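Listing of work-v4.cif; format and content: mmCIF, C-alpha atoms.
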```
data_structure
loop_
_atom_site.group_PDB
_atom_site.id
_atom_site.type_symbol
_atom_site.label_atom_id
_atom_site.label_comp_id
_atom_site.auth_asym_id
_atom_site.auth_seq_id
_atom_site.Cartn_x
_atom_site.Cartn_y
_atom_site.Cartn_z
ATOM 1 C CA MET A 1 91.277 -108.748 -32.170
ATOM 2 C CA THR A 2 91.308 -106.570 -29.157
ATOM 3 C CA ARG A 3 89.778 -107.133 -25.805
ATOM 4 C CA SER A 4 88.013 -104.346 -23.913
ATOM 5 C CA THR A 5 89.359 -103.506 -20.565
ATOM 6 C CA PRO A 6 86.734 -103.715 -17.769
ATOM 7 C CA GLN A 7 85.826 -100.282 -16.399
ATOM 8 C CA PRO A 8 85.730 -99.601 -12.706
ATOM 9 C CA ALA A 9 82.248 -99.450 -11.132
ATOM 10 C CA ALA A 10 82.649 -95.735 -10.338
ATOM 11 C CA ALA A 11 83.339 -94.909 -13.994
ATOM 12 C CA ARG A 12 80.249 -96.856 -15.114
ATOM 13 C CA ARG A 13 78.064 -94.986 -12.641
ATOM 14 C CA ALA A 14 79.477 -91.640 -13.843
ATOM 15 C CA GLN A 15 78.684 -92.534 -17.455
ATOM 16 C CA ALA A 16 75.160 -93.577 -16.544
ATOM 17 C CA ALA A 17 74.601 -90.332 -14.671
ATOM 18 C CA THR A 18 75.888 -88.345 -17.658
ATOM 19 C CA ALA A 19 73.572 -90.179 -20.053
ATOM 20 C CA HIS A 20 70.651 -89.626 -17.704
ATOM 21 C CA GLY A 21 71.468 -85.943 -17.540
ATOM 22 C CA ARG A 22 71.491 -85.701 -21.334
ATOM 23 C CA LYS A 23 68.128 -87.443 -21.495
ATOM 24 C CA ALA A 24 66.646 -85.093 -18.903
ATOM 25 C CA ALA A 25 68.066 -82.036 -20.687
ATOM 26 C CA THR A 26 66.490 -83.065 -23.976
ATOM 27 C CA GLY A 27 63.187 -83.905 -22.327
ATOM 28 C CA GLU A 28 63.292 -87.579 -23.236
ATOM 29 C CA GLY A 29 61.092 -89.625 -20.983
ATOM 30 C CA ASP A 30 59.902 -86.621 -18.972
ATOM 31 C CA ASP A 31 56.255 -87.681 -19.033
ATOM 32 C CA GLY A 32 55.467 -85.769 -15.856
ATOM 33 C CA GLY A 33 56.799 -82.537 -17.333
ATOM 34 C CA HIS A 34 54.797 -83.019 -20.524
ATOM 35 C CA ARG A 35 51.632 -83.658 -18.542
ATOM 36 C CA ARG A 36 52.178 -80.534 -16.458
ATOM 37 C CA GLN A 37 52.779 -78.465 -19.569
ATOM 38 C CA ALA A 38 49.673 -79.890 -21.233
ATOM 39 C CA GLY A 39 47.665 -78.973 -18.141
ATOM 40 C CA LEU A 40 49.008 -75.403 -18.244
ATOM 41 C CA ASN A 41 48.154 -75.131 -21.931
ATOM 42 C CA TRP A 42 44.579 -76.249 -21.277
ATOM 43 C CA GLN A 43 44.288 -73.741 -18.431
ATOM 44 C CA ARG A 44 45.483 -70.939 -20.688
ATOM 45 C CA LEU A 45 43.012 -71.980 -23.377
ATOM 46 C CA GLY A 46 40.176 -71.919 -20.845
ATOM 47 C CA LEU A 47 41.199 -68.473 -19.581
ATOM 48 C CA ARG A 48 41.551 -67.276 -23.159
ATOM 49 C CA VAL A 49 38.047 -68.378 -24.168
ATOM 50 C CA ALA A 50 36.483 -67.158 -20.902
ATOM 51 C CA GLY A 51 38.188 -63.771 -21.072
ATOM 52 C CA ALA A 52 37.236 -63.217 -24.710
ATOM 53 C CA GLY A 53 33.652 -64.301 -24.039
ATOM 54 C CA LEU A 54 33.280 -61.984 -21.052
ATOM 55 C CA LEU A 55 34.674 -59.060 -23.048
ATOM 56 C CA ALA A 56 32.155 -59.815 -25.804
ATOM 57 C CA VAL A 57 29.309 -59.871 -23.258
ATOM 58 C CA THR A 58 30.537 -56.525 -21.904
ATOM 59 C CA GLY A 59 30.489 -55.106 -25.421
ATOM 60 C CA ALA A 60 26.993 -56.463 -26.083
ATOM 61 C CA THR A 61 25.708 -54.962 -22.814
ATOM 62 C CA HIS A 62 27.101 -51.537 -23.633
ATOM 63 C CA LEU A 63 25.732 -51.780 -27.174
ATOM 64 C CA ASP A 64 22.252 -52.479 -25.821
ATOM 65 C CA LEU A 65 22.496 -49.554 -23.391
ATOM 66 C CA TYR A 66 23.799 -47.315 -26.154
ATOM 67 C CA LEU A 67 20.933 -48.164 -28.494
ATOM 68 C CA THR A 68 18.232 -47.885 -25.831
ATOM 69 C CA GLY A 69 19.052 -44.403 -24.577
ATOM 70 C CA TYR A 70 22.668 -43.670 -23.744
ATOM 71 C CA ARG A 71 23.479 -42.538 -27.279
ATOM 72 C CA SER A 72 21.482 -39.355 -26.642
ATOM 73 C CA ILE A 73 23.643 -38.324 -23.667
ATOM 74 C CA PRO A 74 26.323 -35.779 -24.595
ATOM 75 C CA VAL A 75 29.880 -37.157 -24.257
ATOM 76 C CA ILE A 76 28.635 -40.318 -22.494
ATOM 77 C CA GLY A 77 26.962 -41.580 -25.678
ATOM 78 C CA PRO A 78 30.103 -41.481 -27.854
ATOM 79 C CA LEU A 79 32.127 -42.987 -24.990
ATOM 80 C CA PHE A 80 29.688 -45.899 -24.814
ATOM 81 C CA LEU A 81 30.091 -46.483 -28.548
ATOM 82 C CA LEU A 82 33.884 -46.412 -28.150
ATOM 83 C CA GLN A 83 33.604 -48.963 -25.341
ATOM 84 C CA VAL A 84 31.545 -51.246 -27.579
ATOM 85 C CA ILE A 85 34.160 -51.122 -30.350
ATOM 86 C CA ALA A 86 37.050 -51.639 -27.919
ATOM 87 C CA ALA A 87 35.339 -54.556 -26.143
ATOM 88 C CA PHE A 88 34.641 -56.517 -29.330
ATOM 89 C CA GLY A 89 38.070 -55.701 -30.769
ATOM 90 C CA LEU A 90 39.914 -56.864 -27.653
ATOM 91 C CA ALA A 91 37.729 -59.971 -27.407
ATOM 92 C CA ALA A 92 38.696 -60.931 -30.956
ATOM 93 C CA ALA A 93 42.390 -60.221 -30.278
ATOM 94 C CA VAL A 94 42.428 -62.360 -27.141
ATOM 95 C CA LEU A 95 40.565 -65.238 -28.782
ATOM 96 C CA VAL A 96 42.584 -65.263 -32.006
ATOM 97 C CA THR A 97 46.087 -64.554 -30.742
ATOM 98 C CA GLY A 98 45.963 -65.586 -27.095
ATOM 99 C CA SER A 99 48.860 -63.207 -26.526
ATOM 100 C CA ARG A 100 49.653 -61.977 -23.045
ATOM 101 C CA LEU A 101 49.739 -58.395 -24.338
ATOM 102 C CA ALA A 102 46.164 -58.674 -25.647
ATOM 103 C CA ALA A 103 45.095 -60.257 -22.354
ATOM 104 C CA ALA A 104 46.715 -57.444 -20.376
ATOM 105 C CA ALA A 105 44.989 -54.844 -22.565
ATOM 106 C CA GLY A 106 41.646 -56.588 -22.063
ATOM 107 C CA ALA A 107 42.138 -56.738 -18.287
ATOM 108 C CA GLY A 108 42.981 -53.036 -18.192
ATOM 109 C CA PHE A 109 39.940 -52.219 -20.322
ATOM 110 C CA ALA A 110 37.585 -54.187 -18.065
ATOM 111 C CA LEU A 111 38.948 -52.527 -14.926
ATOM 112 C CA SER A 112 38.824 -49.017 -16.408
ATOM 113 C CA THR A 113 35.244 -49.558 -17.606
ATOM 114 C CA LEU A 114 34.257 -50.606 -14.103
ATOM 115 C CA GLY A 115 36.046 -47.546 -12.715
ATOM 116 C CA GLY A 116 34.059 -45.289 -15.029
ATOM 117 C CA TYR A 117 30.807 -46.843 -13.841
ATOM 118 C CA LEU A 118 31.757 -46.404 -10.180
ATOM 119 C CA LEU A 119 32.691 -42.763 -10.737
ATOM 120 C CA SER A 120 29.402 -42.091 -12.532
ATOM 121 C CA VAL A 121 27.531 -43.598 -9.577
ATOM 122 C CA TRP A 122 29.508 -41.752 -6.896
ATOM 123 C CA ILE A 123 30.102 -38.274 -8.331
ATOM 124 C CA GLY A 124 28.882 -38.325 -11.928
ATOM 125 C CA LEU A 125 30.773 -37.987 -15.220
ATOM 126 C CA PHE A 126 30.355 -35.118 -17.705
ATOM 127 C CA GLY A 127 27.152 -33.993 -16.033
ATOM 128 C CA PHE A 128 25.639 -37.503 -15.962
ATOM 129 C CA LYS A 129 25.057 -39.371 -12.709
ATOM 130 C CA GLU A 130 24.251 -43.060 -12.902
ATOM 131 C CA ILE A 131 21.583 -44.719 -10.780
ATOM 132 C CA ARG A 132 21.386 -48.256 -9.413
ATOM 133 C CA THR A 133 20.031 -50.673 -12.005
ATOM 134 C CA THR A 134 20.112 -54.423 -12.462
ATOM 135 C CA ALA A 135 21.835 -53.987 -15.825
ATOM 136 C CA GLY A 136 24.524 -51.805 -14.274
ATOM 137 C CA ILE A 137 25.217 -54.264 -11.449
ATOM 138 C CA ALA A 138 25.342 -57.219 -13.858
ATOM 139 C CA ALA A 139 27.714 -55.334 -16.170
ATOM 140 C CA GLY A 140 29.966 -54.521 -13.216
ATOM 141 C CA VAL A 141 30.158 -58.157 -12.120
ATOM 142 C CA ILE A 142 30.926 -59.279 -15.684
ATOM 143 C CA GLU A 143 33.702 -56.698 -15.961
ATOM 144 C CA ILE A 144 35.263 -57.936 -12.726
ATOM 145 C CA ALA A 145 35.114 -61.538 -13.962
ATOM 146 C CA ALA A 146 36.677 -60.485 -17.279
ATOM 147 C CA PHE A 147 39.488 -58.709 -15.445
ATOM 148 C CA ALA A 148 40.178 -61.739 -13.249
ATOM 149 C CA ALA A 149 40.373 -64.175 -16.173
ATOM 150 C CA LEU A 150 42.462 -61.921 -18.390
ATOM 151 C CA ALA A 151 44.810 -60.812 -15.613
ATOM 152 C CA VAL A 152 45.624 -64.417 -14.747
ATOM 153 C CA LEU A 153 46.106 -65.180 -18.450
ATOM 154 C CA ALA A 154 48.467 -62.221 -18.868
ATOM 155 C CA LEU A 155 50.547 -63.062 -15.790
ATOM 156 C CA SER A 156 50.604 -66.865 -16.032
ATOM 157 C CA PRO A 157 53.472 -68.859 -17.574
ATOM 158 C CA ALA A 158 53.453 -68.798 -21.360
ATOM 159 C CA ALA A 159 53.075 -71.966 -23.400
ATOM 160 C CA GLN A 160 56.443 -73.674 -23.824
ATOM 161 C CA ARG A 161 57.809 -74.348 -27.306
ATOM 162 C CA GLN A 162 60.803 -76.455 -28.254
ATOM 163 C CA PRO A 163 63.761 -74.126 -28.834
ATOM 164 C CA ALA A 164 65.243 -73.974 -32.324
ATOM 165 C CA GLY A 165 68.776 -73.704 -30.934
ATOM 166 C CA PRO A 166 70.618 -74.369 -27.718
ATOM 167 C CA VAL A 167 68.758 -73.442 -24.548
ATOM 168 C CA ALA A 168 71.654 -71.271 -23.463
ATOM 169 C CA SER A 169 71.041 -68.959 -26.442
ATOM 170 C CA ARG A 170 67.783 -67.693 -24.944
ATOM 171 C CA GLY A 171 67.878 -64.392 -23.159
ATOM 172 C CA ALA A 172 67.374 -64.370 -19.439
ATOM 173 C CA MET A 173 64.631 -61.723 -19.769
ATOM 174 C CA LEU A 174 62.631 -63.854 -22.216
ATOM 175 C CA ALA A 175 62.920 -66.831 -19.897
ATOM 176 C CA ARG A 176 61.613 -64.818 -16.970
ATOM 177 C CA LEU A 177 58.699 -63.485 -19.017
ATOM 178 C CA GLN A 178 57.762 -66.970 -20.126
ATOM 179 C CA ALA A 179 57.926 -68.200 -16.564
ATOM 180 C CA GLY A 180 55.124 -65.797 -15.581
ATOM 181 C CA VAL A 181 54.760 -63.582 -12.543
ATOM 182 C CA PRO A 182 54.922 -65.327 -9.157
ATOM 183 C CA GLY A 183 51.666 -65.005 -7.229
ATOM 184 C CA ALA A 184 49.724 -63.880 -10.317
ATOM 185 C CA ARG A 185 46.561 -65.715 -9.337
ATOM 186 C CA ALA A 186 46.638 -64.365 -5.792
ATOM 187 C CA ALA A 187 47.179 -60.811 -7.036
ATOM 188 C CA ALA A 188 44.348 -61.042 -9.586
ATOM 189 C CA ALA A 189 42.057 -62.529 -6.933
ATOM 190 C CA ALA A 190 42.895 -59.745 -4.467
ATOM 191 C CA VAL A 191 42.181 -56.995 -7.000
ATOM 192 C CA SER A 192 38.944 -58.731 -8.060
ATOM 193 C CA VAL A 193 37.717 -59.009 -4.474
ATOM 194 C CA ALA A 194 38.541 -55.339 -3.859
ATOM 195 C CA ALA A 195 36.637 -54.395 -7.027
ATOM 196 C CA LEU A 196 33.622 -56.442 -5.898
ATOM 197 C CA VAL A 197 33.652 -54.677 -2.538
ATOM 198 C CA LEU A 198 33.799 -51.253 -4.212
ATOM 199 C CA LEU A 199 30.978 -52.226 -6.566
ATOM 200 C CA GLY A 200 28.845 -53.369 -3.634
ATOM 201 C CA VAL A 201 29.493 -50.163 -1.706
ATOM 202 C CA ALA A 202 28.706 -48.042 -4.763
ATOM 203 C CA VAL A 203 25.403 -49.689 -5.661
ATOM 204 C CA ALA A 204 24.332 -49.851 -2.008
ATOM 205 C CA GLY A 205 24.631 -46.086 -1.724
ATOM 206 C CA ALA A 206 23.217 -45.323 -5.168
ATOM 207 C CA GLY A 207 19.622 -44.563 -5.925
ATOM 208 C CA GLY A 208 17.408 -42.842 -8.429
ATOM 209 C CA PRO A 209 15.908 -39.381 -8.338
ATOM 210 C CA ALA A 210 12.810 -39.252 -6.186
ATOM 211 C CA ALA A 211 9.422 -38.831 -7.794
ATOM 212 C CA SER A 212 8.524 -35.180 -8.288
ATOM 213 C CA PRO A 213 5.364 -33.897 -6.589
ATOM 214 C CA ALA A 214 3.050 -32.376 -9.163
ATOM 215 C CA GLY A 215 2.272 -29.042 -7.516
ATOM 216 C CA ALA A 216 1.582 -26.238 -9.955
ATOM 217 C CA LEU A 217 2.657 -27.141 -13.473
ATOM 218 C CA ARG A 218 3.684 -24.284 -15.740
ATOM 219 C CA THR A 219 5.258 -23.603 -19.103
ATOM 220 C CA ALA A 220 8.689 -22.282 -20.032
ATOM 221 C CA GLN A 221 10.547 -21.286 -23.188
ATOM 222 C CA ILE A 222 13.609 -23.343 -24.148
ATOM 223 C CA GLY A 223 15.221 -22.560 -27.484
ATOM 224 C CA GLY A 224 12.046 -20.912 -28.707
ATOM 225 C CA VAL A 225 9.939 -23.965 -27.861
ATOM 226 C CA THR A 226 7.221 -23.941 -25.208
ATOM 227 C CA VAL A 227 7.658 -26.815 -22.786
ATOM 228 C CA LEU A 228 5.902 -28.020 -19.661
ATOM 229 C CA THR A 229 7.752 -27.925 -16.344
ATOM 230 C CA ASP A 230 7.006 -28.815 -12.748
ATOM 231 C CA ALA A 231 6.940 -26.343 -9.880
ATOM 232 C CA GLN A 232 10.754 -26.536 -9.553
ATOM 233 C CA GLY A 233 11.312 -25.778 -13.241
ATOM 234 C CA PHE A 234 12.334 -29.283 -14.334
ATOM 235 C CA THR A 235 11.269 -30.159 -17.866
ATOM 236 C CA LEU A 236 8.503 -32.758 -18.144
ATOM 237 C CA TYR A 237 8.650 -35.375 -20.871
ATOM 238 C CA SER A 238 6.066 -37.655 -22.400
ATOM 239 C CA PHE A 239 6.789 -41.380 -22.645
ATOM 240 C CA ALA A 240 5.609 -42.798 -25.973
ATOM 241 C CA PRO A 241 4.568 -46.288 -24.682
ATOM 242 C CA ASP A 242 2.240 -44.727 -22.069
ATOM 243 C CA THR A 243 -1.511 -44.711 -22.649
ATOM 244 C CA PRO A 244 -4.079 -42.193 -21.332
ATOM 245 C CA SER A 245 -4.909 -44.589 -18.496
ATOM 246 C CA ARG A 246 -1.656 -46.475 -17.889
ATOM 247 C CA SER A 247 2.037 -45.713 -17.371
ATOM 248 C CA ASN A 248 4.454 -48.256 -18.831
ATOM 249 C CA CYS A 249 7.542 -46.634 -17.333
ATOM 250 C CA ASN A 250 8.352 -48.658 -14.218
ATOM 251 C CA GLY A 251 11.392 -50.138 -12.511
ATOM 252 C CA THR A 252 14.628 -48.959 -14.132
ATOM 253 C CA CYS A 253 12.724 -46.702 -16.504
ATOM 254 C CA ALA A 254 11.112 -44.888 -13.568
ATOM 255 C CA GLY A 255 14.566 -44.591 -11.999
ATOM 256 C CA TYR A 256 15.821 -42.614 -14.978
ATOM 257 C CA TRP A 257 12.498 -40.880 -15.562
ATOM 258 C CA PRO A 258 10.807 -40.298 -12.186
ATOM 259 C CA PRO A 259 7.070 -39.708 -12.610
ATOM 260 C CA VAL A 260 5.218 -36.596 -11.571
ATOM 261 C CA THR A 261 3.022 -37.807 -8.726
ATOM 262 C CA GLY A 262 0.062 -36.314 -6.946
ATOM 263 C CA THR A 263 -2.767 -34.117 -8.195
ATOM 264 C CA PRO A 264 -1.492 -31.348 -10.476
ATOM 265 C CA ALA A 265 -2.657 -27.760 -10.629
ATOM 266 C CA ALA A 266 -2.590 -25.583 -13.745
ATOM 267 C CA GLY A 267 -0.017 -22.819 -13.421
ATOM 268 C CA PRO A 268 0.920 -19.979 -15.778
ATOM 269 C CA GLY A 269 0.637 -20.910 -19.454
ATOM 270 C CA VAL A 270 -0.925 -24.320 -18.883
ATOM 271 C CA THR A 271 -3.976 -24.751 -21.079
ATOM 272 C CA GLY A 272 -3.994 -28.519 -21.537
ATOM 273 C CA LYS A 273 -6.172 -30.982 -19.714
ATOM 274 C CA LEU A 274 -4.807 -32.186 -16.369
ATOM 275 C CA GLY A 275 -5.802 -35.417 -14.654
ATOM 276 C CA THR A 276 -4.494 -38.378 -12.688
ATOM 277 C CA ILE A 277 -3.891 -42.077 -13.255
ATOM 278 C CA LYS A 278 -2.836 -44.894 -10.970
ATOM 279 C CA ARG A 279 0.641 -46.374 -11.366
ATOM 280 C CA SER A 280 1.469 -50.057 -10.910
ATOM 281 C CA ASP A 281 2.797 -49.319 -7.399
ATOM 282 C CA GLY A 282 -0.457 -47.568 -6.433
ATOM 283 C CA ALA A 283 0.931 -44.033 -6.641
ATOM 284 C CA THR A 284 -1.022 -41.312 -8.410
ATOM 285 C CA GLN A 285 0.620 -39.902 -11.546
ATOM 286 C CA ALA A 286 -0.266 -36.647 -13.263
ATOM 287 C CA PRO A 287 -0.792 -36.984 -17.031
ATOM 288 C CA THR A 288 -1.468 -34.063 -19.356
ATOM 289 C CA THR A 289 -2.693 -33.506 -22.892
ATOM 290 C CA GLY A 290 -2.326 -30.616 -25.251
ATOM 291 C CA ILE A 291 1.055 -29.405 -23.897
ATOM 292 C CA PRO A 292 4.025 -29.481 -26.282
ATOM 293 C CA CYS A 293 7.205 -31.036 -24.922
ATOM 294 C CA THR A 294 10.818 -30.981 -26.054
ATOM 295 C CA PRO A 295 12.123 -33.944 -28.057
ATOM 296 C CA THR A 296 12.802 -36.859 -25.756
ATOM 297 C CA SER A 297 16.393 -37.341 -24.599
ATOM 298 C CA LEU A 298 17.681 -39.164 -21.558
ATOM 299 C CA ILE A 299 19.662 -36.296 -20.044
ATOM 300 C CA PRO A 300 19.566 -32.861 -21.730
ATOM 301 C CA PRO A 301 22.626 -30.590 -21.720
ATOM 302 C CA PRO A 302 23.228 -28.920 -18.335
ATOM 303 C CA ALA A 303 22.407 -25.504 -19.797
ATOM 304 C CA ARG A 304 18.724 -26.374 -19.974
ATOM 305 C CA PRO A 305 16.409 -27.518 -17.167
ATOM 306 C CA THR A 306 17.308 -31.059 -16.151
ATOM 307 C CA ALA A 307 14.811 -33.691 -17.246
ATOM 308 C CA ILE A 308 14.116 -35.787 -14.173
ATOM 309 C CA THR A 309 10.392 -36.262 -14.608
ATOM 310 C CA SER A 310 8.035 -37.713 -17.157
ATOM 311 C CA THR A 311 4.315 -37.413 -17.737
#
```

Starting from the file, lay out its structure as structure tokens.
Amino acid sequence: MTRSTPQPAAARRAQAATAHGRKAATGEGDDGGHRRQAGLNWQRLGLRVAGAGLLAVTGATHLDLYLTGYRSIPVIGPLFLLQVIAAFGLAAAVLVTGSRLAAAAGAGFALSTLGGYLLSVWIGLFGFKEIRTTAGIAAGVIEIAAFAALAVLALSPAAQRQPAGPVASRGAMLARLQAGVPGARAAAAAVSVAALVLLGVAVAGAGGPAASPAGALRTAQIGGVTVLTDAQGFTLYSFAPDTPSRSNCNGTCAGYWPPVTGTPAAGPGVTGKLGTIKRSDGATQAPTTGIPCTPTSLIPPPARPTAITST
């Protein structure tokens, strides 16, 4: 039999410290670290679901606008359809994969869509100038919220997984990417606030075309078709839901299709019956009968008289 030799106190403390270090390196007993990681994972899941949901709402909004009029606008119509496809596709990618690349793509999409709206309000795009509408403002706010959620998701620390091999075998670049970008939340918040300010400035200065005074209505030839125009030569359109005594184009509709107001006079070529009706806001609108109009479209090509009025 052998007898163990007592170890000095310093050696015992060194061994204990070494064992503790091994336990910490392997994660044993690190309940606080596990709780923090679980919290981060839940945060990422929340951002993932919120970002995907907001992208889906953006796609649904653009789909509704596309179906209710924007599809007839040259260039803008196809772009709206492309936005719908991209929004739903990115929403599915973010929700299913939760990857930071998909989140970054979704954030970029939301911000670029907002930028397109702001440009169309300020200077117009492809001959189309947007007006201030509740739907447009709501879509802008949703796009900003989608950007904020997805930007934070893309820049936040990735979910940690147990390594298959030694920790030292991981590349330094991968470790930095998984650690996230410092100040990601602050940066996303700053960009979101700036976008909200720009949206507010844009919609505050936006408006719709003013109602056109009736004056002397006349006819014109466009593509071999006789159409009715106002005194300035703008094409007049009929609105199918209107009745002989009531206009049903109000609010946003009247913003896109300003009514011809006042008492009209028959100009050259006008043989139909002219009259007046009262609008919901008390204004007098000039309806007509017996005058052929061009097929309804939201904004005709620039080569023809611009349709800013309806009868």

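Non-sequential neighbours of Val201 of chain A (distance at most 10 Å, separation of 5 or more positions within a chain, all atoms listed in the file) are Leu118, Trp122, Ala195, Leu196 and Ala206 of chain A.
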
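For the residues A:Val193, A:Val203, A:Ala146, A:Ala240, ranking by smallest atom-to-atom distance to Tyr117 of chain A using all atoms listed in the file places A:Val203 first.
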
### Message
On this structure, the PyMOL selection byres ((chain A and resi 119) around 12) would catch which residues? List them as a ChimeraX atom specification, sorted by chain and number.
### Response
/A:112-118,120-131,198-199,202-203,206

#### Entry: Distance of atom CA of Ala231 of chain A from atom CA of Pro244 of chain A, expressed in Å to one decimal place
22.4 Å

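For the pair atom CA of Arg100 of chain A and atom CA of Thr61 of chain A, the interatomic distance is 25.0 Å.
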
### Message
Need to verify the contact set: Ile137 of chain A, 10 Å, all atoms listed in the file, exclusion of same-chain residues closer than 2 positions in sequence. Can you return it as a ChimeraX atom specification?
### Response
/A:117,132-135,139-143,199-200,202-203

### Message
With all atoms listed in the file as the counted atoms, please give the residues lying no more than 12 Å from Leu153 of chain A, apart from itself and same-chain residues fewer than 2 positions off, as an MDAnalysis selection string.
### Response
chainID A and resid 40:52 94:95 98:107 146:151 155:159 178 180:181 184:185 188

### Query
Separation of atom CA of Gly77 of chain A and atom CA of Gly59 of chain A, in Å?
14.0 Å

#### Entry: the PyMOL selection byres ((chain A and resi 227-229) around 8) resolved against shown file, as a PyMOL selection string
chain A and resi 217-222+225-226+230-237+270+291-294

For the structure provided, state which residues fall under the PyMOL selection byres ((chain A and resi 80) around 9), and present them as a PDB file with C-alpha atoms, keeping the file's coordinate frame.
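What landed in selection_31.pdb:
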```
ATOM      1  CA  HIS A  62      27.101 -51.537 -23.633  1.00  0.00           C
ATOM      2  CA  LEU A  63      25.732 -51.780 -27.174  1.00  0.00           C
ATOM      3  CA  LEU A  65      22.496 -49.554 -23.391  1.00  0.00           C
ATOM      4  CA  TYR A  66      23.799 -47.315 -26.154  1.00  0.00           C
ATOM      5  CA  TYR A  70      22.668 -43.670 -23.744  1.00  0.00           C
ATOM      6  CA  ARG A  71      23.479 -42.538 -27.279  1.00  0.00           C
ATOM      7  CA  VAL A  75      29.880 -37.157 -24.257  1.00  0.00           C
ATOM      8  CA  ILE A  76      28.635 -40.318 -22.494  1.00  0.00           C
ATOM      9  CA  GLY A  77      26.962 -41.580 -25.678  1.00  0.00           C
ATOM     10  CA  PRO A  78      30.103 -41.481 -27.854  1.00  0.00           C
ATOM     11  CA  LEU A  79      32.127 -42.987 -24.990  1.00  0.00           C
ATOM     12  CA  LEU A  81      30.091 -46.483 -28.548  1.00  0.00           C
ATOM     13  CA  LEU A  82      33.884 -46.412 -28.150  1.00  0.00           C
ATOM     14  CA  GLN A  83      33.604 -48.963 -25.341  1.00  0.00           C
ATOM     15  CA  VAL A  84      31.545 -51.246 -27.579  1.00  0.00           C
ATOM     16  CA  ILE A  85      34.160 -51.122 -30.350  1.00  0.00           C
TER      17      ILE A  85
END
```

Build an axis-aligned box that encloses every atom of segment 256-263 of chain A listed in the file, pad it by 8 Å on each side, and report its centre and edge lengths in Å to one decimal, as lines of an AutoDock Vina configuration file.
```
center_x = 6.5
center_y = -38.4
center_z = -11.3
size_x = 34.6
size_y = 24.5
size_z = 24.6
```

### Task
Excluding Thr284 of chain A and any residue of its chain fewer than 2 positions from it, enumerate the residues within 10 Å of it, using all atoms listed in the file, and give them as a ChimeraX atom specification.
/A:213-214,259-263,275-282,286-287
